[in-house]
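Trainee: Sharing structure.pdb, PDB, C-alpha atoms, pLDDT in the B column:
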```pdb
ATOM      1  CA  MET A   1      -2.571  46.394   5.240  1.00 86.00           C
ATOM      2  CA  ARG A   2      -0.994  44.669   8.205  1.00 91.00           C
ATOM      3  CA  THR A   3      -1.258  40.900   8.376  1.00 94.00           C
ATOM      4  CA  ILE A   4      -0.297  37.969  10.542  1.00 93.00           C
ATOM      5  CA  ARG A   5       0.702  34.630   9.060  1.00 95.00           C
ATOM      6  CA  ILE A   6       0.064  31.483  11.110  1.00 95.00           C
ATOM      7  CA  THR A   7       0.720  27.804  10.389  1.00 95.00           C
ATOM      8  CA  GLY A   8      -1.591  25.425  12.174  1.00 95.00           C
ATOM      9  CA  LYS A   9      -0.825  21.754  12.619  1.00 95.00           C
ATOM     10  CA  GLY A  10      -3.290  18.923  12.931  1.00 93.00           C
ATOM     11  CA  GLN A  11      -2.628  15.427  14.227  1.00 93.00           C
ATOM     12  CA  ILE A  12      -5.080  12.546  14.514  1.00 93.00           C
ATOM     13  CA  LYS A  13      -5.078   8.793  15.011  1.00 93.00           C
ATOM     14  CA  VAL A  14      -7.044   6.741  12.495  1.00 92.00           C
ATOM     15  CA  LYS A  15      -8.146   3.182  13.186  1.00 92.00           C
ATOM     16  CA  PRO A  16      -7.541   1.043  10.075  1.00 92.00           C
ATOM     17  CA  ASP A  17     -10.578  -0.908   8.904  1.00 92.00           C
ATOM     18  CA  MET A  18      -9.423  -2.215   5.499  1.00 93.00           C
ATOM     19  CA  THR A  19      -6.968  -5.031   4.788  1.00 94.00           C
ATOM     20  CA  ARG A  20      -4.740  -4.650   1.740  1.00 94.00           C
ATOM     21  CA  LEU A  21      -3.087  -7.785   0.387  1.00 94.00           C
ATOM     22  CA  THR A  22      -0.244  -7.157  -2.078  1.00 94.00           C
ATOM     23  CA  ILE A  23       0.703 -10.245  -4.079  1.00 94.00           C
ATOM     24  CA  THR A  24       3.841 -10.715  -6.175  1.00 94.00           C
ATOM     25  CA  LEU A  25       4.033 -13.308  -8.955  1.00 95.00           C
ATOM     26  CA  GLU A  26       7.332 -14.003 -10.699  1.00 94.00           C
ATOM     27  CA  ASP A  27       9.013 -16.724 -12.726  1.00 95.00           C
ATOM     28  CA  THR A  28      11.458 -17.274 -15.596  1.00 95.00           C
ATOM     29  CA  TYR A  29      10.967 -19.081 -18.907  1.00 96.00           C
ATOM     30  CA  ARG A  30      13.174 -19.616 -21.936  1.00 94.00           C
ATOM     31  CA  GLU A  31      10.937 -18.034 -24.560  1.00 95.00           C
ATOM     32  CA  TYR A  32       9.321 -14.601 -24.378  1.00 96.00           C
ATOM     33  CA  SER A  33       5.960 -15.889 -25.589  1.00 95.00           C
ATOM     34  CA  GLU A  34       6.101 -18.674 -22.991  1.00 96.00           C
ATOM     35  CA  THR A  35       6.762 -16.128 -20.260  1.00 96.00           C
ATOM     36  CA  LEU A  36       3.730 -14.065 -21.260  1.00 96.00           C
ATOM     37  CA  ARG A  37       1.559 -17.170 -21.491  1.00 96.00           C
ATOM     38  CA  HIS A  38       2.535 -18.355 -18.008  1.00 96.00           C
ATOM     39  CA  SER A  39       2.116 -14.898 -16.472  1.00 95.00           C
ATOM     40  CA  SER A  40      -1.383 -14.688 -17.956  1.00 95.00           C
ATOM     41  CA  LYS A  41      -2.197 -18.154 -16.620  1.00 95.00           C
ATOM     42  CA  ALA A  42      -0.903 -17.246 -13.141  1.00 95.00           C
ATOM     43  CA  THR A  43      -3.009 -14.068 -13.071  1.00 95.00           C
ATOM     44  CA  LYS A  44      -6.107 -16.076 -13.992  1.00 95.00           C
ATOM     45  CA  GLN A  45      -5.365 -18.597 -11.223  1.00 95.00           C
ATOM     46  CA  ILE A  46      -5.067 -15.830  -8.641  1.00 95.00           C
ATOM     47  CA  LYS A  47      -8.303 -14.212  -9.826  1.00 95.00           C
ATOM     48  CA  ASP A  48     -10.077 -17.574  -9.694  1.00 95.00           C
ATOM     49  CA  LEU A  49      -8.764 -18.097  -6.163  1.00 95.00           C
ATOM     50  CA  PHE A  50     -10.348 -14.841  -4.979  1.00 95.00           C
ATOM     51  CA  LEU A  51     -13.474 -15.535  -7.009  1.00 95.00           C
ATOM     52  CA  ALA A  52     -13.981 -18.591  -4.780  1.00 94.00           C
ATOM     53  CA  PHE A  53     -14.166 -16.213  -1.796  1.00 94.00           C
ATOM     54  CA  GLY A  54     -16.841 -14.097  -3.426  1.00 94.00           C
ATOM     55  CA  PHE A  55     -14.623 -11.337  -4.853  1.00 95.00           C
ATOM     56  CA  GLU A  56     -15.280 -10.084  -8.361  1.00 94.00           C
ATOM     57  CA  LYS A  57     -12.265 -10.469 -10.642  1.00 90.00           C
ATOM     58  CA  SER A  58     -12.136  -6.689 -11.105  1.00 92.00           C
ATOM     59  CA  ARG A  59     -11.321  -6.288  -7.388  1.00 94.00           C
ATOM     60  CA  LEU A  60      -7.803  -7.597  -8.021  1.00 95.00           C
ATOM     61  CA  LYS A  61      -5.742  -4.691  -9.385  1.00 95.00           C
ATOM     62  CA  THR A  62      -2.355  -4.825 -11.103  1.00 95.00           C
ATOM     63  CA  LEU A  63       0.110  -2.350  -9.577  1.00 95.00           C
ATOM     64  CA  SER A  64       3.016  -3.221 -11.884  1.00 96.00           C
ATOM     65  CA  PHE A  65       4.041  -5.705 -14.549  1.00 97.00           C
ATOM     66  CA  ASN A  66       7.397  -6.079 -16.285  1.00 96.00           C
ATOM     67  CA  VAL A  67       9.423  -8.622 -18.260  1.00 96.00           C
ATOM     68  CA  ASP A  68      13.249  -8.575 -18.192  1.00 96.00           C
ATOM     69  CA  THR A  69      15.972 -10.682 -19.739  1.00 96.00           C
ATOM     70  CA  GLU A  70      17.736 -13.006 -17.311  1.00 94.00           C
ATOM     71  CA  TYR A  71      21.422 -13.948 -17.545  1.00 94.00           C
ATOM     72  CA  LYS A  72      23.657 -16.235 -15.495  1.00 91.00           C
ATOM     73  CA  ASN A  73      27.298 -15.298 -14.856  1.00 89.00           C
ATOM     74  CA  TYR A  74      29.998 -17.968 -14.917  1.00 83.00           C
ATOM     75  CA  SER A  75      33.783 -18.251 -15.138  1.00 82.00           C
ATOM     76  CA  GLU A  76      35.632 -20.109 -17.883  1.00 77.00           C
ATOM     77  CA  HIS A  77      39.441 -20.165 -18.063  1.00 78.00           C
ATOM     78  CA  ASP A  78      39.658 -17.184 -15.714  1.00 78.00           C
ATOM     79  CA  THR A  79      37.297 -15.244 -17.944  1.00 83.00           C
ATOM     80  CA  TYR A  80      33.906 -14.124 -16.706  1.00 84.00           C
ATOM     81  CA  LYS A  81      31.097 -14.779 -19.118  1.00 83.00           C
ATOM     82  CA  ARG A  82      27.339 -14.772 -19.004  1.00 88.00           C
ATOM     83  CA  ILE A  83      24.773 -16.987 -20.609  1.00 92.00           C
ATOM     84  CA  PHE A  84      21.196 -16.166 -21.508  1.00 93.00           C
ATOM     85  CA  VAL A  85      18.735 -17.938 -19.166  1.00 92.00           C
ATOM     86  CA  GLY A  86      15.404 -16.625 -20.357  1.00 95.00           C
ATOM     87  CA  TYR A  87      12.780 -13.989 -19.705  1.00 97.00           C
ATOM     88  CA  SER A  88      11.609 -13.194 -16.174  1.00 96.00           C
ATOM     89  CA  TYR A  89       8.258 -11.650 -15.450  1.00 96.00           C
ATOM     90  CA  ARG A  90       7.236  -9.914 -12.243  1.00 96.00           C
ATOM     91  CA  GLN A  91       3.661  -8.857 -11.564  1.00 97.00           C
ATOM     92  CA  VAL A  92       2.456  -7.095  -8.428  1.00 96.00           C
ATOM     93  CA  LEU A  93      -1.269  -7.135  -7.656  1.00 96.00           C
ATOM     94  CA  LYS A  94      -3.368  -5.869  -4.777  1.00 96.00           C
ATOM     95  CA  ILE A  95      -6.790  -6.514  -3.341  1.00 96.00           C
ATOM     96  CA  GLU A  96      -8.558  -4.696  -0.501  1.00 95.00           C
ATOM     97  CA  PHE A  97     -11.404  -5.873   1.698  1.00 95.00           C
ATOM     98  CA  ASP A  98     -13.029  -5.093   5.038  1.00 94.00           C
ATOM     99  CA  SER A  99     -10.712  -6.282   7.798  1.00 92.00           C
ATOM    100  CA  ASP A 100     -11.655  -9.806   8.809  1.00 91.00           C
ATOM    101  CA  ASN A 101      -8.981 -12.043  10.355  1.00 90.00           C
ATOM    102  CA  LYS A 102     -10.978 -15.215   9.719  1.00 90.00           C
ATOM    103  CA  LEU A 103     -11.317 -14.425   6.010  1.00 92.00           C
ATOM    104  CA  LEU A 104      -7.674 -13.381   5.831  1.00 91.00           C
ATOM    105  CA  GLY A 105      -6.587 -16.716   7.310  1.00 89.00           C
ATOM    106  CA  LYS A 106      -8.614 -18.649   4.730  1.00 90.00           C
ATOM    107  CA  ILE A 107      -7.147 -16.591   1.886  1.00 92.00           C
ATOM    108  CA  LEU A 108      -3.579 -17.168   3.095  1.00 88.00           C
ATOM    109  CA  TYR A 109      -4.277 -20.886   3.402  1.00 88.00           C
ATOM    110  CA  ALA A 110      -5.539 -20.937  -0.185  1.00 90.00           C
ATOM    111  CA  LEU A 111      -2.462 -19.023  -1.398  1.00 89.00           C
ATOM    112  CA  ALA A 112      -0.126 -21.394   0.461  1.00 84.00           C
ATOM    113  CA  ASN A 113      -1.762 -24.416  -1.169  1.00 86.00           C
ATOM    114  CA  SER A 114      -1.921 -22.957  -4.668  1.00 87.00           C
ATOM    115  CA  PRO A 115       0.673 -24.074  -7.251  1.00 88.00           C
ATOM    116  CA  LEU A 116       1.815 -20.448  -7.620  1.00 88.00           C
ATOM    117  CA  HIS A 117       3.202 -19.985  -4.091  1.00 83.00           C
ATOM    118  CA  PRO A 118       3.355 -16.177  -4.428  1.00 90.00           C
ATOM    119  CA  GLU A 119       5.048 -13.695  -2.150  1.00 90.00           C
ATOM    120  CA  PHE A 120       2.715 -11.325  -0.362  1.00 88.00           C
ATOM    121  CA  ARG A 121       2.483  -8.402   2.064  1.00 90.00           C
ATOM    122  CA  ILE A 122      -0.357  -7.552   4.423  1.00 91.00           C
ATOM    123  CA  SER A 123      -0.986  -3.895   5.179  1.00 91.00           C
ATOM    124  CA  TYR A 124      -3.905  -1.952   6.603  1.00 92.00           C
ATOM    125  CA  THR A 125      -5.599   1.239   5.490  1.00 92.00           C
ATOM    126  CA  VAL A 126      -8.915   3.062   5.926  1.00 92.00           C
ATOM    127  CA  LYS A 127     -12.125   2.683   3.966  1.00 91.00           C
ATOM    128  CA  ASP A 128     -12.956   6.405   3.955  1.00 91.00           C
ATOM    129  CA  PRO A 129      -9.697   8.381   3.587  1.00 88.00           C
ATOM    130  CA  GLU A 130     -11.547  11.602   2.731  1.00 89.00           C
ATOM    131  CA  ALA A 131     -13.252  11.649   6.141  1.00 91.00           C
ATOM    132  CA  ALA A 132      -9.850  11.302   7.819  1.00 89.00           C
ATOM    133  CA  LYS A 133      -8.364  14.070   5.664  1.00 90.00           C
ATOM    134  CA  ASN A 134     -11.265  16.422   6.427  1.00 91.00           C
ATOM    135  CA  ARG A 135     -10.975  15.763  10.167  1.00 92.00           C
ATOM    136  CA  LEU A 136      -7.233  16.392   9.999  1.00 92.00           C
ATOM    137  CA  LEU A 137      -7.712  19.642   8.079  1.00 92.00           C
ATOM    138  CA  SER A 138     -10.289  20.823  10.625  1.00 94.00           C
ATOM    139  CA  LYS A 139      -7.811  20.141  13.441  1.00 95.00           C
ATOM    140  CA  ALA A 140      -5.093  22.098  11.629  1.00 94.00           C
ATOM    141  CA  MET A 141      -7.424  25.058  11.056  1.00 95.00           C
ATOM    142  CA  GLN A 142      -8.500  25.074  14.711  1.00 96.00           C
ATOM    143  CA  ASP A 143      -4.842  25.092  15.745  1.00 96.00           C
ATOM    144  CA  ALA A 144      -4.061  28.006  13.406  1.00 96.00           C
ATOM    145  CA  LYS A 145      -6.983  30.026  14.786  1.00 95.00           C
ATOM    146  CA  LYS A 146      -5.987  29.295  18.376  1.00 95.00           C
ATOM    147  CA  LYS A 147      -2.405  30.413  17.745  1.00 96.00           C
ATOM    148  CA  ALA A 148      -3.583  33.541  15.924  1.00 95.00           C
ATOM    149  CA  LEU A 149      -5.817  34.566  18.848  1.00 95.00           C
ATOM    150  CA  VAL A 150      -3.027  34.024  21.378  1.00 95.00           C
ATOM    151  CA  LEU A 151      -0.485  36.010  19.362  1.00 93.00           C
ATOM    152  CA  SER A 152      -2.875  38.840  18.479  1.00 92.00           C
ATOM    153  CA  GLN A 153      -3.852  39.284  22.124  1.00 93.00           C
ATOM    154  CA  ALA A 154      -0.212  39.264  23.162  1.00 94.00           C
ATOM    155  CA  ALA A 155       0.606  41.866  20.506  1.00 92.00           C
ATOM    156  CA  ASP A 156      -2.495  43.912  21.395  1.00 93.00           C
ATOM    157  CA  VAL A 157      -3.920  43.764  17.866  1.00 92.00           C
ATOM    158  CA  THR A 158      -7.296  42.648  16.527  1.00 93.00           C
ATOM    159  CA  LEU A 159      -7.839  39.831  14.056  1.00 93.00           C
ATOM    160  CA  LYS A 160      -9.981  40.782  11.080  1.00 93.00           C
ATOM    161  CA  ASP A 161     -10.845  38.927   7.884  1.00 93.00           C
ATOM    162  CA  ILE A 162      -8.864  35.946   6.595  1.00 94.00           C
ATOM    163  CA  GLN A 163      -6.886  36.979   3.524  1.00 94.00           C
ATOM    164  CA  SER A 164      -5.693  33.573   2.355  1.00 95.00           C
ATOM    165  CA  ILE A 165      -5.535  29.908   3.309  1.00 93.00           C
ATOM    166  CA  ASP A 166      -2.684  27.810   1.974  1.00 92.00           C
ATOM    167  CA  TYR A 167      -3.084  24.033   2.073  1.00 85.00           C
ATOM    168  CA  SER A 168      -0.905  21.640   0.098  1.00 74.00           C
ATOM    169  CA  PHE A 169      -3.618  19.028  -0.636  1.00 68.00           C
ATOM    170  CA  GLY A 170      -0.866  16.389  -0.603  1.00 67.00           C
ATOM    171  CA  GLU A 171      -1.543  12.678  -0.339  1.00 70.00           C
ATOM    172  CA  LEU A 172      -1.673  11.313   3.203  1.00 72.00           C
ATOM    173  CA  ASP A 173      -0.015   8.017   3.994  1.00 75.00           C
ATOM    174  CA  LEU A 174      -2.990   6.201   5.486  1.00 82.00           C
ATOM    175  CA  GLN A 175      -1.343   2.792   5.530  1.00 82.00           C
ATOM    176  CA  ILE A 176       0.406   0.649   8.103  1.00 80.00           C
ATOM    177  CA  ASN A 177       2.423  -2.454   7.219  1.00 75.00           C
ATOM    178  CA  SER A 178       1.975  -5.533   9.376  1.00 66.00           C
ATOM    179  CA  VAL A 179       3.148  -8.837   7.927  1.00 62.00           C
ATOM    180  CA  GLN A 180       5.243  -9.816   4.957  1.00 61.00           C
ATOM    181  CA  ASN A 181       5.645 -13.257   3.369  1.00 59.00           C
ATOM    182  CA  MET A 182       4.489 -15.734   6.033  1.00 54.00           C
ATOM    183  CA  LEU A 183       3.850 -18.493   3.508  1.00 53.00           C
ATOM    184  CA  PRO A 184       5.703 -21.759   4.213  1.00 48.00           C
ATOM    185  CA  SER A 185       8.177 -23.421   1.877  1.00 49.00           C
ATOM    186  CA  LYS A 186       6.809 -25.415  -1.020  1.00 49.00           C
ATOM    187  CA  ALA A 187       7.899 -28.631   0.678  1.00 46.00           C
ATOM    188  CA  SER A 188       5.597 -28.181   3.672  1.00 52.00           C
ATOM    189  CA  VAL A 189       1.834 -28.621   3.567  1.00 49.00           C
ATOM    190  CA  PRO A 190       0.095 -26.337   6.078  1.00 52.00           C
ATOM    191  CA  SER A 191      -3.260 -27.063   7.650  1.00 56.00           C
ATOM    192  CA  ILE A 192      -6.048 -24.524   7.911  1.00 52.00           C
ATOM    193  CA  GLN A 193      -5.319 -24.250  11.643  1.00 53.00           C
ATOM    194  CA  ASP A 194      -1.872 -22.840  10.786  1.00 53.00           C
ATOM    195  CA  TYR A 195      -3.626 -19.771   9.371  1.00 58.00           C
ATOM    196  CA  HIS A 196      -5.701 -18.757  12.359  1.00 68.00           C
ATOM    197  CA  ILE A 197      -4.839 -15.062  12.146  1.00 70.00           C
ATOM    198  CA  GLU A 198      -4.976 -12.748  15.162  1.00 76.00           C
ATOM    199  CA  ILE A 199      -3.710  -9.385  13.953  1.00 80.00           C
ATOM    200  CA  GLU A 200      -4.784  -6.111  15.544  1.00 82.00           C
ATOM    201  CA  PRO A 201      -3.091  -3.309  13.576  1.00 84.00           C
ATOM    202  CA  ASP A 202      -2.016  -0.188  15.435  1.00 87.00           C
ATOM    203  CA  ASP A 203      -3.715   3.145  14.823  1.00 90.00           C
ATOM    204  CA  ILE A 204      -2.289   5.227  11.988  1.00 89.00           C
ATOM    205  CA  ASP A 205      -0.764   8.547  13.092  1.00 90.00           C
ATOM    206  CA  VAL A 206      -1.163  11.292  10.491  1.00 90.00           C
ATOM    207  CA  THR A 207      -0.255  14.971  10.571  1.00 90.00           C
ATOM    208  CA  ASP A 208      -0.783  17.881   8.206  1.00 90.00           C
ATOM    209  CA  SER A 209      -0.625  21.667   8.275  1.00 92.00           C
ATOM    210  CA  VAL A 210      -2.429  24.723   6.947  1.00 94.00           C
ATOM    211  CA  THR A 211      -1.130  28.284   6.681  1.00 95.00           C
ATOM    212  CA  VAL A 212      -3.576  31.155   7.202  1.00 96.00           C
ATOM    213  CA  ILE A 213      -3.068  34.903   6.766  1.00 96.00           C
ATOM    214  CA  TRP A 214      -5.318  37.263   8.763  1.00 95.00           C
ATOM    215  CA  GLU A 215      -5.617  41.014   8.438  1.00 93.00           C
ATOM    216  CA  ILE A 216      -4.885  42.749  11.763  1.00 92.00           C
ATOM    217  CA  GLU A 217      -5.435  46.224  13.106  1.00 90.00           C
TER
END
```
Please express what this file holds, its structure, as structure tokens.
Mentor:
Amino acid sequence: MRTIRITGKGQIKVKPDMTRLTITLEDTYREYSETLRHSSKATKQIKDLFLAFGFEKSRLKTLSFNVDTEYKNYSEHDTYKRIFVGYSYRQVLKIEFDSDNKLLGKILYALANSPLHPEFRISYTVKDPEAAKNRLLSKAMQDAKKKALVLSQAADVTLKDIQSIDYSFGELDLQINSVQNMLPSKASVPSIQDYHIEIEPDDIDVTDSVTVIWEIE
């Protein structure tokens, strides 16, 4: 059996419609149990903050959580030493919601005025990633078929049945980063007007490929 193997490429632009807020909480305490207690308290405060905006507590997801020992280096009589400082925790959480600049501004204002003063990152993604993936796959298949027809005509052969379709089914990066850590210092007290957000994220460019083998005669 004679065959022809073609790789088709698809490329689309996807308009992001979901806002993803990634929040980082971290601090250091002398005792391990104290560190865990404060991290638990901070998580509850963040969940309560979003609860005030109508989000269920389950909407806030933990991406990572770890506790490490913290040491401070110092020099004594030309000898470098280190002293135990305590235990540091670092927790990264995320929450996603339909893009709404007005709501986003209110949330950032609330974060800035909370006693936690967390770091954060704003990124944008899409509500229905499967629809984007299917559209991209369709584009790739159309491209493969178009190339196969052109090459078969040029080679004076006829395309017959498809023998195999190879698609990686890999994860697509349907995310675009926009803003990171625009909270003011703890010493300043922002007003709600300072968080009038006007962000229009760019479209997300995604590409993928599919390899198809046709029988030819």
Trainee: Atom CA of Asp68 of chain A to atom CA of Gly86 of chain A: how many Å, to one decimal?
Mentor: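 Spanning atom CA of Asp68 of chain A to atom CA of Gly86 of chain A is a straight-line distance of 8.6 Å.
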Trainee: Restricting the calculation to all atoms listed in the file: of A:Ala112, A:Tyr80, A:Ser58, A:Leu159, which residue gets closest to Lys44 of chain A?
Mentor: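 Of A:Ala112, A:Tyr80, A:Ser58, A:Leu159, the one nearest Lys44 of chain A is A:Ser58, counting all atoms listed in the file.
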Trainee: What do you get, as a list of chain:residue names, if you spell out every residue that the PyMOL selection byres ((chain A and resi 87) around 8) selects here?
Mentor: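 Selected by the PyMOL selection byres ((chain A and resi 87) around 8) here: A:Thr28, A:Tyr29, A:Arg30, A:Glu31, A:Tyr32, A:Thr35, A:Val67, A:Asp68, A:Thr69, A:Glu70, A:Val85, A:Gly86, A:Ser88, A:Tyr89.
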Trainee: How about saving the chosen residues, C-alpha atoms kept, as a JSON list (two decimals), in the coordinates of the input?
Mentor:
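Result went into again-v6.json, see below:
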```json
[["chain", "number", "residue", "atom", "x", "y", "z"],
["A", 28, "THR", "CA", 11.46, -17.27, -15.60],
["A", 29, "TYR", "CA", 10.97, -19.08, -18.91],
["A", 30, "ARG", "CA", 13.17, -19.62, -21.94],
["A", 31, "GLU", "CA", 10.94, -18.03, -24.56],
["A", 32, "TYR", "CA", 9.32, -14.60, -24.38],
["A", 35, "THR", "CA", 6.76, -16.13, -20.26],
["A", 67, "VAL", "CA", 9.42, -8.62, -18.26],
["A", 68, "ASP", "CA", 13.25, -8.57, -18.19],
["A", 69, "THR", "CA", 15.97, -10.68, -19.74],
["A", 70, "GLU", "CA", 17.74, -13.01, -17.31],
["A", 85, "VAL", "CA", 18.74, -17.94, -19.17],
["A", 86, "GLY", "CA", 15.40, -16.62, -20.36],
["A", 88, "SER", "CA", 11.61, -13.19, -16.17],
["A", 89, "TYR", "CA", 8.26, -11.65, -15.45]]
```
Trainee: State, in Å with one decimal place, the distance from atom CA of Ser123 of chain A to atom CA of Glu198 of chain A.
Mentor: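 Result for atom CA of Ser123 of chain A versus atom CA of Glu198 of chain A: 13.9 Å, one decimal.
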Trainee: I would like the residues chosen by the PyMOL selection byres ((chain A and resi 136) around 9) on the shown file; could you give them as number ranges by chain?
Mentor: A: 9-12, 131-135, 137-141, 206-209
Trainee: Apply the PyMOL selection byres ((chain A and resi 59) around 12) to the file shown and report the selected residues as a list in words.
Mentor: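 What the PyMOL selection byres ((chain A and resi 59) around 12) grabs from the file is Arg20, Leu21, Ile46, Lys47, Asp48, Phe50, Leu51, Phe53, Gly54, Phe55, Glu56, Lys57, Ser58, Leu60, Lys61, Thr62, Leu93, Lys94, Ile95, Glu96 and Phe97 of chain A.
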Trainee: Please indicate the distance in Å from atom CA of Gln175 of chain A to atom CA of Asn101 of chain A, rounded to one decimal place.
Mentor: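 Going from atom CA of Gln175 of chain A over to atom CA of Asn101 of chain A covers 17.4 Å.
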Trainee: Contacts of Ser99 of chain A at 9 Å or less, counting only C-alpha atoms, minus same-chain residues fewer than 4 places along, as a PyMOL selection string?
Mentor: chain A and resi 16-20+103-104+124
Trainee: Emit as JSON the padded axis-aligned box for all listed atoms of segment 196-206 of chain A, 8 Å per side, with centre and edge lengths in Å to one decimal.
Mentor:
```
{"center_x": -3.2, "center_y": -3.7, "center_z": 13.0, "size_x": 20.9, "size_y": 46.0, "size_z": 21.1}
```
Trainee: Tell me which protein, DNA and RNA residues are within 12 Å of Glu26 of chain A, counting all atoms listed in the file, leaving out same-chain ones fewer than 5 positions away, and put them as an mmCIF file with C-alpha atoms, in the frame of the given file.
Mentor:
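Writing the result to around_17.cif gives the following:
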```cif
data_model
loop_
_atom_site.group_PDB
_atom_site.id
_atom_site.type_symbol
_atom_site.label_atom_id
_atom_site.label_comp_id
_atom_site.auth_asym_id
_atom_site.auth_seq_id
_atom_site.Cartn_x
_atom_site.Cartn_y
_atom_site.Cartn_z
ATOM 1 C CA THR A 35 6.762 -16.128 -20.260
ATOM 2 C CA LEU A 36 3.730 -14.065 -21.260
ATOM 3 C CA HIS A 38 2.535 -18.355 -18.008
ATOM 4 C CA SER A 39 2.116 -14.898 -16.472
ATOM 5 C CA SER A 40 -1.383 -14.688 -17.956
ATOM 6 C CA LYS A 41 -2.197 -18.154 -16.620
ATOM 7 C CA ALA A 42 -0.903 -17.246 -13.141
ATOM 8 C CA THR A 43 -3.009 -14.068 -13.071
ATOM 9 C CA SER A 64 3.016 -3.221 -11.884
ATOM 10 C CA PHE A 65 4.041 -5.705 -14.549
ATOM 11 C CA ASN A 66 7.397 -6.079 -16.285
ATOM 12 C CA VAL A 67 9.423 -8.622 -18.260
ATOM 13 C CA ASP A 68 13.249 -8.575 -18.192
ATOM 14 C CA TYR A 87 12.780 -13.989 -19.705
ATOM 15 C CA SER A 88 11.609 -13.194 -16.174
ATOM 16 C CA TYR A 89 8.258 -11.650 -15.450
ATOM 17 C CA ARG A 90 7.236 -9.914 -12.243
ATOM 18 C CA GLN A 91 3.661 -8.857 -11.564
ATOM 19 C CA VAL A 92 2.456 -7.095 -8.428
ATOM 20 C CA LEU A 93 -1.269 -7.135 -7.656
ATOM 21 C CA LEU A 116 1.815 -20.448 -7.620
ATOM 22 C CA HIS A 117 3.202 -19.985 -4.091
ATOM 23 C CA PRO A 118 3.355 -16.177 -4.428
ATOM 24 C CA GLU A 119 5.048 -13.695 -2.150
ATOM 25 C CA PHE A 120 2.715 -11.325 -0.362
#
```
Trainee: Which of these, A:Leu111, A:Ile122, A:Val14, A:Ile216, has the shortest distance to Ala155 of chain A once you count all atoms listed in the file?
Mentor: A:Ile216
Trainee: Please, can segment 18-29 of chain A be completed to N, CA, C and O atoms and returned as a PDB file, in the coordinates of the input?
Mentor:
```pdb
ATOM      1  N   MET A  18      -9.531  -1.503   6.775  1.00 93.00           N
ATOM      2  CA  MET A  18      -9.423  -2.215   5.499  1.00 93.00           C
ATOM      3  C   MET A  18      -8.103  -2.984   5.457  1.00 93.00           C
ATOM      4  O   MET A  18      -7.057  -2.460   5.858  1.00 93.00           O
ATOM      5  N   THR A  19      -8.168  -4.221   4.976  1.00 94.00           N
ATOM      6  CA  THR A  19      -6.968  -5.031   4.788  1.00 94.00           C
ATOM      7  C   THR A  19      -6.555  -4.962   3.323  1.00 94.00           C
ATOM      8  O   THR A  19      -7.376  -5.125   2.425  1.00 94.00           O
ATOM      9  N   ARG A  20      -5.279  -4.697   3.102  1.00 94.00           N
ATOM     10  CA  ARG A  20      -4.740  -4.650   1.740  1.00 94.00           C
ATOM     11  C   ARG A  20      -3.728  -5.787   1.594  1.00 94.00           C
ATOM     12  O   ARG A  20      -2.745  -5.865   2.326  1.00 94.00           O
ATOM     13  N   LEU A  21      -3.977  -6.661   0.646  1.00 94.00           N
ATOM     14  CA  LEU A  21      -3.087  -7.785   0.387  1.00 94.00           C
ATOM     15  C   LEU A  21      -2.371  -7.521  -0.933  1.00 94.00           C
ATOM     16  O   LEU A  21      -3.015  -7.416  -1.985  1.00 94.00           O
ATOM     17  N   THR A  22      -1.049  -7.386  -0.882  1.00 94.00           N
ATOM     18  CA  THR A  22      -0.244  -7.157  -2.078  1.00 94.00           C
ATOM     19  C   THR A  22       0.459  -8.460  -2.442  1.00 94.00           C
ATOM     20  O   THR A  22       1.186  -9.020  -1.622  1.00 94.00           O
ATOM     21  N   ILE A  23       0.228  -8.933  -3.646  1.00 94.00           N
ATOM     22  CA  ILE A  23       0.703 -10.245  -4.079  1.00 94.00           C
ATOM     23  C   ILE A  23       1.698 -10.080  -5.229  1.00 94.00           C
ATOM     24  O   ILE A  23       1.443  -9.328  -6.176  1.00 94.00           O
ATOM     25  N   THR A  24       2.820 -10.777  -5.131  1.00 94.00           N
ATOM     26  CA  THR A  24       3.841 -10.715  -6.175  1.00 94.00           C
ATOM     27  C   THR A  24       3.999 -12.074  -6.836  1.00 94.00           C
ATOM     28  O   THR A  24       4.256 -13.088  -6.170  1.00 94.00           O
ATOM     29  N   LEU A  25       3.837 -12.103  -8.150  1.00 95.00           N
ATOM     30  CA  LEU A  25       4.033 -13.308  -8.955  1.00 95.00           C
ATOM     31  C   LEU A  25       5.273 -13.115  -9.819  1.00 95.00           C
ATOM     32  O   LEU A  25       5.423 -12.078 -10.459  1.00 95.00           O
ATOM     33  N   GLU A  26       6.156 -14.112  -9.850  1.00 94.00           N
ATOM     34  CA  GLU A  26       7.332 -14.003 -10.699  1.00 94.00           C
ATOM     35  C   GLU A  26       7.869 -15.381 -11.060  1.00 94.00           C
ATOM     36  O   GLU A  26       7.773 -16.321 -10.269  1.00 94.00           O
ATOM     37  N   ASP A  27       8.421 -15.466 -12.267  1.00 95.00           N
ATOM     38  CA  ASP A  27       9.013 -16.724 -12.726  1.00 95.00           C
ATOM     39  C   ASP A  27       9.811 -16.436 -13.993  1.00 95.00           C
ATOM     40  O   ASP A  27       9.713 -15.346 -14.567  1.00 95.00           O
ATOM     41  N   THR A  28      10.599 -17.432 -14.419  1.00 95.00           N
ATOM     42  CA  THR A  28      11.458 -17.274 -15.596  1.00 95.00           C
ATOM     43  C   THR A  28      11.231 -18.422 -16.571  1.00 95.00           C
ATOM     44  O   THR A  28      11.160 -19.587 -16.163  1.00 95.00           O
ATOM     45  N   TYR A  29      11.145 -18.080 -17.860  1.00 96.00           N
ATOM     46  CA  TYR A  29      10.967 -19.081 -18.907  1.00 96.00           C
ATOM     47  C   TYR A  29      11.886 -18.745 -20.079  1.00 96.00           C
ATOM     48  O   TYR A  29      12.304 -17.598 -20.262  1.00 96.00           O
TER      49      TYR A  29
END
```
